[in-house]
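Chemist: Structure provided below as structure tokens; questions to follow.
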Amino acid sequence: MNHCFDALILGGGAAGLMCAMEAGKRGRRVAVLERADRLGKKILISGGGRCNFTNIHCQPEDFLSANPHFAKSALARYTPADFIVLVEKHKIPYHEKALGQLFCDHSARDILAMLEAECRAAAVSVFLNVEIQEVSRTTEFVVRADNAEFRAPTLVVATGGLSIPKIGATSFGYDLARQFGLKIRDPWPGLVPLVLESDDRSHYCDLAGVSTEGVVSCDGQQFREKMLITHRGLSGPAILQISSYWKKPQPIGIDLAPASEVTADLRDPKAPRNLSALRSQLRQRLPSRLADRRLELHPPASWTNAALADFERQVHAWTITPAGTEGYEKAEVTAGGVDTSELSPQTMECRNIPGLFFIGEVVDVTGHLGGFNFQWAWASGAAAGRAIQD
Ligand SMILES: Cc1cc2nc3c(=O)[nH]c(=O)nc-3n(C[C@H](O)[C@H](O)[C@H](O)COP(=O)(O)OP(=O)(O)OC[C@H]3O[C@@H](n4cnc5c(N)ncnc54)[C@H](O)[C@@H]3O)c2cc1C
């Protein structure tokens with residue numbers, strides 16, 4: 001069977017659906033071709049099932065990219081306020097959690113239902129279970145699937161990254177970019193738990209479930225948030241954030257007692273200087289089990305001022321060199337991707353291939369934790385959707 005449209009959008013996730021509804025609203029005949037048996041599976045599992053759909057403090061600094069300026073234009077033209085207008089139009093109840101993060105009160109299903117309704121209203125055609133065999137370009141783009149052929153002058157690639165292969169992530173977008181001769185910035189798993197080296201693992205991982213606030217730093221970046229000990233290493237928001245910047249074999253620095261001086265009271269000449277006094281101070285800053293473990297592993301060499309200063313320094317500069325990450329199976333996002341130098345920052349269209357667009361996670365723009373990745377999906381999807389010609 002042959003289908004002709006103004007635009008074909010490959011991938012019915014966050015970016016693809018936003019692009020489809022924006023283009024459909026402008027009278028374009030749009031088809032979304034989705035490989036899975038339903039749209040937006042990742043939206044449904046996002047934010048612990050409540051979808052952290054945007055962040056009201058979104059700034060270009062909240063994104064990693066080889067070109068930190070690339071995302072600015074799209075982010076400025078489709079803002080968190082624009083998405084909130086849509087959410088409120090659909091009467092979806094939401095709330096702000098910490099740090100400007102907006103979540104649904106009830107379920108991520110509300111966000112998906114909203115996007116589906118907007119696509120229906122814009123007469124977008126949706127094809128599910130589409131197994132794409134080949135994409136070619138003659139006078140227009142031709143997408144050959146199992147039982148059908150789709151043609152359009154515009155092709156938008158919105159197939160996401162490599163994270164969570166068990167819900168259908170594929171390298172399709174990168175492969176297609178390579179087929180068209182576009183540069184790729186090698187992808188890597190981002191927002192992902194870290195795995196510790198065996199020594200650190202045996203020292204700490206029996207404390208799995210213990211969490212504390214820390215300042216975690218690597219590669220000139222730092223995040224002050226909660227971190228969590230897991231059965232194989234470290235996780236929690238601070239660790240997920242820094243993981244996007246980490247490359248093996250860089251070390252990661254952890255300040256376990258941010259903005260506090262653990263040994264201050266012990267320096268008072270009248271105060272007792274012994275293990276139990278130090279333990280009591282450390283337990284005021286760290287969960288008891290972690291405080292006791294630090295003392296067991298790194299007790300002060302003596303009770304001199306110099307030894308206490310050295311102990312203090314170590315508490316603020318725990319250095320770990322992770323063995324690796326938990327990989328794409330556990331990564332919330334894929335960093336790297338289609339090199340932004342190939343794309344127009346205003347429209348996401350390839351500079352050298354008119355009609356070919358890349359949007360969302362497949363592009364080398366990766367958000368911090370906290371609703372930024374969806375904001376990029378909405379903003380890049382809207383930029384392309386508004387630029388699609390008849
Ligand atoms: C567990 C988890 C929780 C997350 N929570 C949040 C959160 O709360 N807030 C936030 O901002 N971000 C969150 N993210 C990140 C966010 O989900 C993604 O960044 C965002 O979905 C990317 O949108 P996208 O449209 O580019 O890709 P996706 O949403 O991944 O959509 C890509 C679509 O393309 C389809 N596809 C793939 N290959 C093909 C093919 N060959 N042919 C046709 N279709 C194909 C896929 O099935 C999928 O439907 C989370 C991610 C994960 C994994």
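Ligands are numbered from 1 in the order shown, chains are lettered A, B, ... in the order of the structure tokens, and residues start at 1 in each chain.
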I need the residues of range 152-298 of chain A that end up classed as helix (DSSP H, G or I) by DSSP on the backbone, written out as a ChimeraX atom specification.

Modeler: /A:165-167,172-179,198-207,237-243,265-267,275-285,288-297

Chemist: Now that the selection is made, can you save its residues with N, CA and C atoms as a short mmCIF file (atom, residue, chain, number, x, y, z; two decimals), in the first residue's frame?

Modeler:
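result-v3.cif written:
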data_model
loop_
_atom_site.label_atom_id
_atom_site.label_comp_id
_atom_site.auth_asym_id
_atom_site.auth_seq_id
_atom_site.Cartn_x
_atom_site.Cartn_y
_atom_site.Cartn_z
N PRO A 165 16.59 -0.28 26.27
CA PRO A 165 16.27 -1.09 25.08
C PRO A 165 15.05 -1.98 25.28
N LYS A 166 14.76 -2.35 26.54
CA LYS A 166 13.62 -3.28 26.71
C LYS A 166 12.27 -2.63 26.40
N ILE A 167 12.21 -1.28 26.32
CA ILE A 167 10.94 -0.72 25.81
C ILE A 167 11.10 -0.19 24.38
N PHE A 172 18.37 3.30 15.51
CA PHE A 172 17.84 3.66 14.20
C PHE A 172 18.20 5.09 13.78
N GLY A 173 18.00 6.04 14.68
CA GLY A 173 18.22 7.46 14.34
C GLY A 173 19.66 7.73 13.96
N TYR A 174 20.59 7.14 14.72
CA TYR A 174 22.01 7.35 14.43
C TYR A 174 22.38 6.68 13.09
N ASP A 175 21.82 5.48 12.88
CA ASP A 175 22.13 4.76 11.63
C ASP A 175 21.64 5.57 10.43
N LEU A 176 20.44 6.14 10.58
CA LEU A 176 19.89 6.91 9.46
C LEU A 176 20.73 8.17 9.21
N ALA A 177 21.16 8.80 10.32
CA ALA A 177 22.00 10.00 10.16
C ALA A 177 23.28 9.61 9.40
N ARG A 178 23.88 8.49 9.77
CA ARG A 178 25.12 8.06 9.08
C ARG A 178 24.83 7.78 7.61
N GLN A 179 23.67 7.14 7.35
CA GLN A 179 23.31 6.85 5.95
C GLN A 179 23.28 8.13 5.11
N SER A 198 35.85 -2.82 42.84
CA SER A 198 35.53 -3.87 43.81
C SER A 198 35.90 -3.50 45.25
N ASP A 199 37.01 -2.78 45.45
CA ASP A 199 37.37 -2.40 46.83
C ASP A 199 36.31 -1.50 47.46
N ASP A 200 35.94 -0.45 46.71
CA ASP A 200 34.92 0.47 47.23
C ASP A 200 33.60 -0.26 47.42
N ARG A 201 33.32 -1.18 46.50
CA ARG A 201 32.06 -1.92 46.60
C ARG A 201 32.03 -2.73 47.90
N SER A 202 33.17 -3.42 48.19
CA SER A 202 33.16 -4.23 49.41
C SER A 202 33.14 -3.33 50.66
N HIS A 203 33.63 -2.11 50.54
CA HIS A 203 33.62 -1.21 51.70
C HIS A 203 32.25 -0.59 51.96
N TYR A 204 31.48 -0.37 50.90
CA TYR A 204 30.27 0.45 51.08
C TYR A 204 28.94 -0.22 50.69
N CYS A 205 28.97 -1.20 49.77
CA CYS A 205 27.69 -1.59 49.17
C CYS A 205 26.78 -2.41 50.08
N ASP A 206 27.31 -2.91 51.21
CA ASP A 206 26.39 -3.54 52.17
C ASP A 206 25.51 -2.47 52.82
N LEU A 207 25.82 -1.19 52.59
CA LEU A 207 24.97 -0.11 53.12
C LEU A 207 23.90 0.31 52.10
N PRO A 237 19.92 11.52 42.81
CA PRO A 237 20.00 12.65 41.87
C PRO A 237 21.40 13.20 41.65
N ALA A 238 22.20 13.39 42.72
CA ALA A 238 23.53 14.00 42.54
C ALA A 238 24.41 13.12 41.64
N ILE A 239 24.32 11.82 41.85
CA ILE A 239 25.15 10.90 41.07
C ILE A 239 24.65 10.81 39.62
N LEU A 240 23.32 10.74 39.45
CA LEU A 240 22.77 10.70 38.09
C LEU A 240 23.21 11.93 37.31
N GLN A 241 23.12 13.09 37.96
CA GLN A 241 23.52 14.33 37.28
C GLN A 241 24.98 14.27 36.83
N ILE A 242 25.86 13.86 37.74
CA ILE A 242 27.28 13.92 37.41
C ILE A 242 27.64 12.84 36.39
N SER A 243 26.85 11.75 36.38
CA SER A 243 27.17 10.64 35.46
C SER A 243 27.19 11.10 34.00
N ASP A 265 34.18 21.42 66.60
CA ASP A 265 34.04 21.35 68.07
C ASP A 265 35.25 20.67 68.72
N LEU A 266 35.84 19.70 68.01
CA LEU A 266 36.98 18.97 68.59
C LEU A 266 38.23 19.85 68.71
N ARG A 267 38.25 20.93 67.94
CA ARG A 267 39.43 21.81 68.00
C ARG A 267 39.42 22.70 69.26
N LEU A 275 37.43 9.15 69.62
CA LEU A 275 36.61 8.56 68.55
C LEU A 275 35.12 8.82 68.79
N SER A 276 34.72 8.70 70.05
CA SER A 276 33.28 8.84 70.27
C SER A 276 32.83 10.29 70.04
N ALA A 277 33.67 11.28 70.37
CA ALA A 277 33.32 12.68 70.10
C ALA A 277 33.25 12.92 68.59
N LEU A 278 34.20 12.36 67.88
CA LEU A 278 34.21 12.56 66.41
C LEU A 278 33.02 11.85 65.77
N ARG A 279 32.73 10.63 66.26
CA ARG A 279 31.59 9.88 65.71
C ARG A 279 30.30 10.68 65.90
N SER A 280 30.16 11.25 67.06
CA SER A 280 28.94 12.01 67.34
C SER A 280 28.82 13.21 66.37
N GLN A 281 29.93 13.88 66.09
CA GLN A 281 29.92 15.00 65.13
C GLN A 281 29.56 14.51 63.72
N LEU A 282 30.18 13.40 63.33
CA LEU A 282 29.96 12.89 61.97
C LEU A 282 28.51 12.41 61.80
N ARG A 283 27.99 11.80 62.86
CA ARG A 283 26.60 11.31 62.80
C ARG A 283 25.58 12.45 62.70
N GLN A 284 26.01 13.67 63.09
CA GLN A 284 25.08 14.81 62.92
C GLN A 284 25.00 15.22 61.45
N ARG A 285 26.01 14.83 60.66
CA ARG A 285 26.02 15.23 59.23
C ARG A 285 25.66 14.09 58.29
N SER A 288 23.91 7.42 60.37
CA SER A 288 24.82 6.79 61.36
C SER A 288 25.68 5.69 60.74
N ARG A 289 25.04 4.85 59.92
CA ARG A 289 25.80 3.70 59.40
C ARG A 289 26.92 4.17 58.47
N LEU A 290 26.67 5.19 57.71
CA LEU A 290 27.70 5.71 56.82
C LEU A 290 28.78 6.44 57.62
N ALA A 291 28.35 7.18 58.63
CA ALA A 291 29.33 7.88 59.49
C ALA A 291 30.26 6.86 60.15
N ASP A 292 29.68 5.79 60.69
CA ASP A 292 30.50 4.77 61.38
C ASP A 292 31.46 4.10 60.39
N ARG A 293 30.96 3.86 59.17
CA ARG A 293 31.80 3.19 58.16
C ARG A 293 32.98 4.08 57.76
N ARG A 294 32.71 5.38 57.57
CA ARG A 294 33.80 6.30 57.22
C ARG A 294 34.87 6.29 58.31
N LEU A 295 34.42 6.30 59.55
CA LEU A 295 35.38 6.33 60.66
C LEU A 295 36.19 5.03 60.74
N GLU A 296 35.49 3.93 60.47
CA GLU A 296 36.16 2.61 60.49
C GLU A 296 37.24 2.57 59.40
N LEU A 297 36.88 3.08 58.22
CA LEU A 297 37.81 2.97 57.06
C LEU A 297 38.87 4.06 57.09
#

Chemist: Could you produce a table of the residues of chain A lying within 7 Å of ligand 1, with the nearest pair of atoms per residue and their separation in Å rounded to one decimal, using only C-alpha atoms and all ligand atoms, ordered by chain and increasing residue number, as JSON lines?

Modeler:
{"residue": "A:Leu10", "atom": "CA", "partner": "ligand 1", "partner_atom_place_in_ligand_line": "43 (C)", "distance": 5.1}
{"residue": "A:Gly11", "atom": "CA", "partner": "ligand 1", "partner_atom_place_in_ligand_line": "34 (O)", "distance": 3.3}
{"residue": "A:Gly12", "atom": "CA", "partner": "ligand 1", "partner_atom_place_in_ligand_line": "49 (O)", "distance": 4.6}
{"residue": "A:Gly13", "atom": "CA", "partner": "ligand 1", "partner_atom_place_in_ligand_line": "31 (O)", "distance": 3.4}
{"residue": "A:Ala14", "atom": "CA", "partner": "ligand 1", "partner_atom_place_in_ligand_line": "25 (O)", "distance": 3.8}
{"residue": "A:Ala15", "atom": "CA", "partner": "ligand 1", "partner_atom_place_in_ligand_line": "25 (O)", "distance": 3.7}
{"residue": "A:Gly16", "atom": "CA", "partner": "ligand 1", "partner_atom_place_in_ligand_line": "25 (O)", "distance": 5.4}
{"residue": "A:Leu33", "atom": "CA", "partner": "ligand 1", "partner_atom_place_in_ligand_line": "43 (C)", "distance": 5.6}
{"residue": "A:Glu34", "atom": "CA", "partner": "ligand 1", "partner_atom_place_in_ligand_line": "44 (N)", "distance": 3.9}
{"residue": "A:Arg35", "atom": "CA", "partner": "ligand 1", "partner_atom_place_in_ligand_line": "43 (C)", "distance": 3.9}
{"residue": "A:Ala36", "atom": "CA", "partner": "ligand 1", "partner_atom_place_in_ligand_line": "47 (O)", "distance": 5.0}
{"residue": "A:Leu39", "atom": "CA", "partner": "ligand 1", "partner_atom_place_in_ligand_line": "49 (O)", "distance": 5.6}
{"residue": "A:Gly40", "atom": "CA", "partner": "ligand 1", "partner_atom_place_in_ligand_line": "49 (O)", "distance": 5.1}
{"residue": "A:Lys41", "atom": "CA", "partner": "ligand 1", "partner_atom_place_in_ligand_line": "49 (O)", "distance": 5.9}
{"residue": "A:Lys42", "atom": "CA", "partner": "ligand 1", "partner_atom_place_in_ligand_line": "29 (O)", "distance": 5.1}
{"residue": "A:Ile43", "atom": "CA", "partner": "ligand 1", "partner_atom_place_in_ligand_line": "17 (O)", "distance": 5.6}
{"residue": "A:Ile45", "atom": "CA", "partner": "ligand 1", "partner_atom_place_in_ligand_line": "1 (C)", "distance": 5.5}
{"residue": "A:Ser46", "atom": "CA", "partner": "ligand 1", "partner_atom_place_in_ligand_line": "5 (N)", "distance": 3.4}
{"residue": "A:Gly47", "atom": "CA", "partner": "ligand 1", "partner_atom_place_in_ligand_line": "8 (O)", "distance": 3.3}
{"residue": "A:Gly48", "atom": "CA", "partner": "ligand 1", "partner_atom_place_in_ligand_line": "3 (C)", "distance": 6.7}
{"residue": "A:Cys51", "atom": "CA", "partner": "ligand 1", "partner_atom_place_in_ligand_line": "8 (O)", "distance": 4.4}
{"residue": "A:Asn52", "atom": "CA", "partner": "ligand 1", "partner_atom_place_in_ligand_line": "8 (O)", "distance": 3.6}
{"residue": "A:Phe53", "atom": "CA", "partner": "ligand 1", "partner_atom_place_in_ligand_line": "9 (N)", "distance": 5.4}
{"residue": "A:Thr54", "atom": "CA", "partner": "ligand 1", "partner_atom_place_in_ligand_line": "11 (O)", "distance": 6.0}
{"residue": "A:Val130", "atom": "CA", "partner": "ligand 1", "partner_atom_place_in_ligand_line": "43 (C)", "distance": 6.3}
{"residue": "A:Glu131", "atom": "CA", "partner": "ligand 1", "partner_atom_place_in_ligand_line": "42 (N)", "distance": 6.2}
{"residue": "A:Ile132", "atom": "CA", "partner": "ligand 1", "partner_atom_place_in_ligand_line": "42 (N)", "distance": 5.8}
{"residue": "A:Ala158", "atom": "CA", "partner": "ligand 1", "partner_atom_place_in_ligand_line": "26 (O)", "distance": 5.4}
{"residue": "A:Thr159", "atom": "CA", "partner": "ligand 1", "partner_atom_place_in_ligand_line": "34 (O)", "distance": 3.4}
{"residue": "A:Gly160", "atom": "CA", "partner": "ligand 1", "partner_atom_place_in_ligand_line": "27 (O)", "distance": 3.5}
{"residue": "A:Gly161", "atom": "CA", "partner": "ligand 1", "partner_atom_place_in_ligand_line": "30 (O)", "distance": 6.2}
{"residue": "A:Ser163", "atom": "CA", "partner": "ligand 1", "partner_atom_place_in_ligand_line": "53 (C)", "distance": 5.9}
{"residue": "A:Ile164", "atom": "CA", "partner": "ligand 1", "partner_atom_place_in_ligand_line": "53 (C)", "distance": 5.7}
{"residue": "A:Gly168", "atom": "CA", "partner": "ligand 1", "partner_atom_place_in_ligand_line": "47 (O)", "distance": 5.1}
{"residue": "A:Ala169", "atom": "CA", "partner": "ligand 1", "partner_atom_place_in_ligand_line": "37 (C)", "distance": 5.2}
{"residue": "A:Thr170", "atom": "CA", "partner": "ligand 1", "partner_atom_place_in_ligand_line": "38 (N)", "distance": 5.0}
{"residue": "A:Phe172", "atom": "CA", "partner": "ligand 1", "partner_atom_place_in_ligand_line": "41 (N)", "distance": 5.0}
{"residue": "A:Ala331", "atom": "CA", "partner": "ligand 1", "partner_atom_place_in_ligand_line": "53 (C)", "distance": 6.2}
{"residue": "A:Glu332", "atom": "CA", "partner": "ligand 1", "partner_atom_place_in_ligand_line": "53 (C)", "distance": 3.9}
{"residue": "A:Val333", "atom": "CA", "partner": "ligand 1", "partner_atom_place_in_ligand_line": "15 (C)", "distance": 5.4}
{"residue": "A:Ile359", "atom": "CA", "partner": "ligand 1", "partner_atom_place_in_ligand_line": "26 (O)", "distance": 6.4}
{"residue": "A:Gly360", "atom": "CA", "partner": "ligand 1", "partner_atom_place_in_ligand_line": "26 (O)", "distance": 3.5}
{"residue": "A:Glu361", "atom": "CA", "partner": "ligand 1", "partner_atom_place_in_ligand_line": "26 (O)", "distance": 3.8}
{"residue": "A:Val362", "atom": "CA", "partner": "ligand 1", "partner_atom_place_in_ligand_line": "26 (O)", "distance": 6.0}
{"residue": "A:Leu369", "atom": "CA", "partner": "ligand 1", "partner_atom_place_in_ligand_line": "10 (C)", "distance": 6.9}
{"residue": "A:Gly370", "atom": "CA", "partner": "ligand 1", "partner_atom_place_in_ligand_line": "9 (N)", "distance": 5.8}
{"residue": "A:Gly371", "atom": "CA", "partner": "ligand 1", "partner_atom_place_in_ligand_line": "11 (O)", "distance": 3.2}
{"residue": "A:Phe372", "atom": "CA", "partner": "ligand 1", "partner_atom_place_in_ligand_line": "11 (O)", "distance": 4.6}
{"residue": "A:Asn373", "atom": "CA", "partner": "ligand 1", "partner_atom_place_in_ligand_line": "11 (O)", "distance": 3.8}
{"residue": "A:Phe374", "atom": "CA", "partner": "ligand 1", "partner_atom_place_in_ligand_line": "11 (O)", "distance": 3.7}
{"residue": "A:Gln375", "atom": "CA", "partner": "ligand 1", "partner_atom_place_in_ligand_line": "11 (O)", "distance": 6.2}
{"residue": "A:Ala377", "atom": "CA", "partner": "ligand 1", "partner_atom_place_in_ligand_line": "23 (O)", "distance": 5.2}

Chemist: List the spatial neighbours of range 7-9 of chain A as a short mmCIF file (atom, residue, chain, number, x, y, z; two decimals) with all heavy atoms, in the first residue's frame - criterion: any atom at most 9 Å away, only C-alpha atoms, same-chain residues fewer than 3 positions off excluded.

Modeler:
data_model
loop_
_atom_site.label_atom_id
_atom_site.label_comp_id
_atom_site.auth_asym_id
_atom_site.auth_seq_id
_atom_site.Cartn_x
_atom_site.Cartn_y
_atom_site.Cartn_z
N CYS A 4 0.83 8.86 0.89
CA CYS A 4 1.55 10.12 0.65
C CYS A 4 1.13 11.19 1.66
O CYS A 4 -0.06 11.35 1.95
CB CYS A 4 1.24 10.64 -0.76
SG CYS A 4 1.92 9.56 -2.01
N GLY A 12 7.00 7.94 17.62
CA GLY A 12 5.87 8.62 18.28
C GLY A 12 6.11 8.75 19.77
O GLY A 12 5.31 8.30 20.59
N GLY A 16 8.38 13.51 18.75
CA GLY A 16 7.63 13.22 17.53
C GLY A 16 6.18 13.69 17.63
O GLY A 16 5.63 14.28 16.68
N LEU A 17 5.54 13.46 18.79
CA LEU A 17 4.13 13.85 18.94
C LEU A 17 3.99 15.37 18.97
O LEU A 17 3.04 15.92 18.39
CB LEU A 17 3.54 13.21 20.21
CG LEU A 17 3.42 11.68 20.13
CD1 LEU A 17 2.93 11.11 21.46
CD2 LEU A 17 2.49 11.25 18.99
N CYS A 19 5.97 17.52 17.50
CA CYS A 19 6.20 17.96 16.13
C CYS A 19 4.95 17.72 15.28
O CYS A 19 4.51 18.59 14.52
CB CYS A 19 7.41 17.20 15.56
SG CYS A 19 7.78 17.61 13.87
N ALA A 20 4.36 16.52 15.44
CA ALA A 20 3.18 16.15 14.64
C ALA A 20 2.03 17.12 14.90
O ALA A 20 1.38 17.61 13.97
CB ALA A 20 2.77 14.72 14.98
N ALA A 23 2.74 20.63 13.40
CA ALA A 23 2.66 20.66 11.93
C ALA A 23 1.21 20.44 11.49
O ALA A 23 0.72 21.12 10.57
CB ALA A 23 3.57 19.59 11.33
N ARG A 28 -0.68 20.85 7.76
CA ARG A 28 0.15 19.87 7.05
C ARG A 28 -0.47 18.49 7.24
O ARG A 28 -0.98 18.17 8.32
CB ARG A 28 1.59 19.85 7.58
CG ARG A 28 2.24 21.21 7.64
CD ARG A 28 2.50 21.78 6.24
NE ARG A 28 3.09 23.10 6.35
CZ ARG A 28 2.41 24.25 6.32
NH1 ARG A 28 1.10 24.24 6.14
NH2 ARG A 28 3.03 25.41 6.44
N ARG A 29 -0.34 17.66 6.21
CA ARG A 29 -0.80 16.26 6.32
C ARG A 29 0.37 15.45 6.86
O ARG A 29 1.39 15.29 6.19
CB ARG A 29 -1.26 15.73 4.96
CG ARG A 29 -2.53 16.43 4.44
CD ARG A 29 -2.85 16.04 3.01
NE ARG A 29 -1.70 16.27 2.15
CZ ARG A 29 -1.13 15.35 1.36
NH1 ARG A 29 -1.62 14.13 1.31
NH2 ARG A 29 -0.08 15.65 0.62
N VAL A 30 0.20 14.98 8.10
CA VAL A 30 1.33 14.41 8.83
C VAL A 30 1.04 12.96 9.19
O VAL A 30 -0.07 12.62 9.59
CB VAL A 30 1.55 15.19 10.16
CG1 VAL A 30 2.70 14.59 10.96
CG2 VAL A 30 1.80 16.66 9.88
N ALA A 31 2.06 12.10 9.08
CA ALA A 31 1.94 10.72 9.58
C ALA A 31 3.05 10.46 10.59
O ALA A 31 4.21 10.82 10.37
CB ALA A 31 2.06 9.73 8.43
N VAL A 32 2.67 9.84 11.71
CA VAL A 32 3.66 9.37 12.69
C VAL A 32 3.81 7.86 12.48
O VAL A 32 2.81 7.13 12.51
CB VAL A 32 3.18 9.65 14.14
CG1 VAL A 32 4.11 9.00 15.15
CG2 VAL A 32 3.08 11.15 14.38
N LEU A 33 5.05 7.41 12.26
CA LEU A 33 5.31 5.98 12.09
C LEU A 33 6.03 5.48 13.34
O LEU A 33 7.15 5.90 13.62
CB LEU A 33 6.18 5.72 10.86
CG LEU A 33 5.77 6.40 9.55
CD1 LEU A 33 6.66 5.92 8.39
CD2 LEU A 33 4.31 6.13 9.23
N GLU A 34 5.37 4.63 14.10
CA GLU A 34 5.91 4.17 15.39
C GLU A 34 6.11 2.65 15.34
O GLU A 34 5.24 1.92 14.91
CB GLU A 34 4.93 4.56 16.50
CG GLU A 34 5.18 3.94 17.85
CD GLU A 34 6.57 4.19 18.43
OE1 GLU A 34 6.98 5.35 18.55
OE2 GLU A 34 7.27 3.19 18.74
N PHE A 141 11.20 11.85 0.19
CA PHE A 141 11.65 10.75 1.05
C PHE A 141 10.69 9.57 0.91
O PHE A 141 9.47 9.75 0.86
CB PHE A 141 11.70 11.19 2.52
CG PHE A 141 12.80 12.19 2.76
CD1 PHE A 141 12.54 13.55 2.72
CD2 PHE A 141 14.10 11.76 3.00
CE1 PHE A 141 13.55 14.47 2.92
CE2 PHE A 141 15.12 12.67 3.21
CZ PHE A 141 14.86 14.03 3.17
N VAL A 143 9.83 5.88 2.69
CA VAL A 143 10.06 4.98 3.82
C VAL A 143 9.36 3.67 3.49
O VAL A 143 8.13 3.63 3.33
CB VAL A 143 9.51 5.58 5.13
CG1 VAL A 143 9.65 4.58 6.27
CG2 VAL A 143 10.23 6.88 5.47
N PHE A 150 5.66 4.70 2.42
CA PHE A 150 5.23 6.05 2.79
C PHE A 150 6.11 7.04 2.05
O PHE A 150 7.33 6.87 2.01
CB PHE A 150 5.37 6.27 4.31
CG PHE A 150 4.57 5.32 5.14
CD1 PHE A 150 5.07 4.07 5.49
CD2 PHE A 150 3.29 5.67 5.58
CE1 PHE A 150 4.33 3.19 6.26
CE2 PHE A 150 2.54 4.79 6.36
CZ PHE A 150 3.06 3.55 6.70
N ARG A 151 5.49 8.11 1.51
CA ARG A 151 6.25 9.13 0.78
C ARG A 151 5.91 10.52 1.28
O ARG A 151 4.74 10.79 1.57
CB ARG A 151 5.90 9.09 -0.72
CG ARG A 151 6.35 7.84 -1.41
CD ARG A 151 5.83 7.77 -2.83
NE ARG A 151 6.43 6.61 -3.46
CZ ARG A 151 7.57 6.63 -4.12
NH1 ARG A 151 8.23 7.77 -4.29
NH2 ARG A 151 8.07 5.53 -4.64
N ALA A 152 6.91 11.37 1.35
CA ALA A 152 6.67 12.77 1.73
C ALA A 152 7.91 13.59 1.41
O ALA A 152 9.03 13.06 1.42
CB ALA A 152 6.37 12.88 3.22
N PRO A 153 7.72 14.90 1.17
CA PRO A 153 8.90 15.76 0.94
C PRO A 153 9.67 16.07 2.23
O PRO A 153 10.78 16.57 2.17
CB PRO A 153 8.30 17.05 0.36
CG PRO A 153 6.86 17.02 0.75
CD PRO A 153 6.45 15.61 0.94
N THR A 154 9.05 15.77 3.39
CA THR A 154 9.71 16.04 4.67
C THR A 154 9.79 14.77 5.50
O THR A 154 8.81 14.03 5.60
CB THR A 154 8.91 17.11 5.46
OG1 THR A 154 8.95 18.33 4.73
CG2 THR A 154 9.50 17.33 6.84
N LEU A 155 10.95 14.55 6.11
CA LEU A 155 11.13 13.40 7.00
C LEU A 155 11.71 13.92 8.31
O LEU A 155 12.74 14.59 8.33
CB LEU A 155 12.11 12.41 6.37
CG LEU A 155 12.33 11.11 7.14
CD1 LEU A 155 11.09 10.21 7.03
CD2 LEU A 155 13.55 10.35 6.61
N VAL A 156 11.02 13.61 9.41
CA VAL A 156 11.50 14.04 10.73
C VAL A 156 11.89 12.80 11.52
O VAL A 156 11.09 11.88 11.69
CB VAL A 156 10.39 14.80 11.50
CG1 VAL A 156 10.93 15.28 12.85
CG2 VAL A 156 9.85 15.96 10.69
N VAL A 157 13.13 12.76 11.99
CA VAL A 157 13.61 11.61 12.75
C VAL A 157 13.49 11.94 14.24
O VAL A 157 14.15 12.86 14.74
CB VAL A 157 15.06 11.26 12.37
CG1 VAL A 157 15.51 10.01 13.11
CG2 VAL A 157 15.18 11.07 10.86
N ALA A 158 12.63 11.17 14.92
CA ALA A 158 12.35 11.43 16.34
C ALA A 158 12.37 10.10 17.09
O ALA A 158 11.51 9.81 17.92
CB ALA A 158 11.00 12.11 16.49
N THR A 159 13.37 9.27 16.75
CA THR A 159 13.38 7.89 17.26
C THR A 159 14.15 7.76 18.58
O THR A 159 14.38 6.65 19.04
CB THR A 159 13.95 6.93 16.21
OG1 THR A 159 15.15 7.49 15.69
CG2 THR A 159 12.98 6.71 15.08
N GLY A 355 14.55 19.26 3.99
CA GLY A 355 13.44 18.35 4.24
C GLY A 355 13.73 17.29 5.28
O GLY A 355 12.81 16.61 5.74
N ILE A 388 7.80 22.93 9.07
CA ILE A 388 7.52 21.98 7.98
C ILE A 388 6.66 22.64 6.90
O ILE A 388 5.61 23.21 7.19
CB ILE A 388 6.83 20.71 8.55
CG1 ILE A 388 7.84 19.92 9.38
CG2 ILE A 388 6.25 19.85 7.44
CD1 ILE A 388 7.23 18.77 10.16
N GLN A 389 7.13 22.53 5.67
CA GLN A 389 6.43 23.16 4.53
C GLN A 389 5.42 22.19 3.93
O GLN A 389 5.47 21.00 4.18
CB GLN A 389 7.45 23.52 3.43
CG GLN A 389 8.64 24.33 3.90
CD GLN A 389 8.23 25.70 4.40
OE1 GLN A 389 7.37 26.35 3.81
NE2 GLN A 389 8.83 26.13 5.50
N ASP A 390 4.51 22.72 3.09
CA ASP A 390 3.55 21.85 2.36
C ASP A 390 4.31 20.91 1.45
O ASP A 390 5.33 21.29 0.89
CB ASP A 390 2.63 22.69 1.49
CG ASP A 390 1.65 23.46 2.34
OD1 ASP A 390 1.15 22.88 3.31
OD2 ASP A 390 1.41 24.64 2.02
#

Chemist: Can you list, as a list in words, every protein, DNA or RNA residue that comes within 8 Å of Glu261 in chain A when you count only C-alpha atoms, leaving out same-chain residues fewer than 3 positions away?

Modeler: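 In the requested form, the answer reads Ala257, Ala264 and Glu312 of chain A.
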
Chemist: Report, in Å with one decimal, the straight-line distance from CA of Thr319 in chain A to CA of Ala335 in chain A.

Modeler: 24.1 Å

Chemist: Show which residues sit within 8 Å of Val338 in chain A, as a list in words. Count only C-alpha atoms, and ignore same-chain residues fewer than 5 positions away.

Modeler: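 That gives Tyr174, Ala177, Leu182, Lys183, Ile184, Arg185, Phe358, Val362, Val363 and Asp364 of chain A.
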
Chemist: List the spatial neighbours of Met1 in chain A as a VMD selection string - criterion: any atom at most 8 Å away, only C-alpha atoms, same-chain residues fewer than 5 positions off excluded.

Modeler: chain A and resid 147 to 149
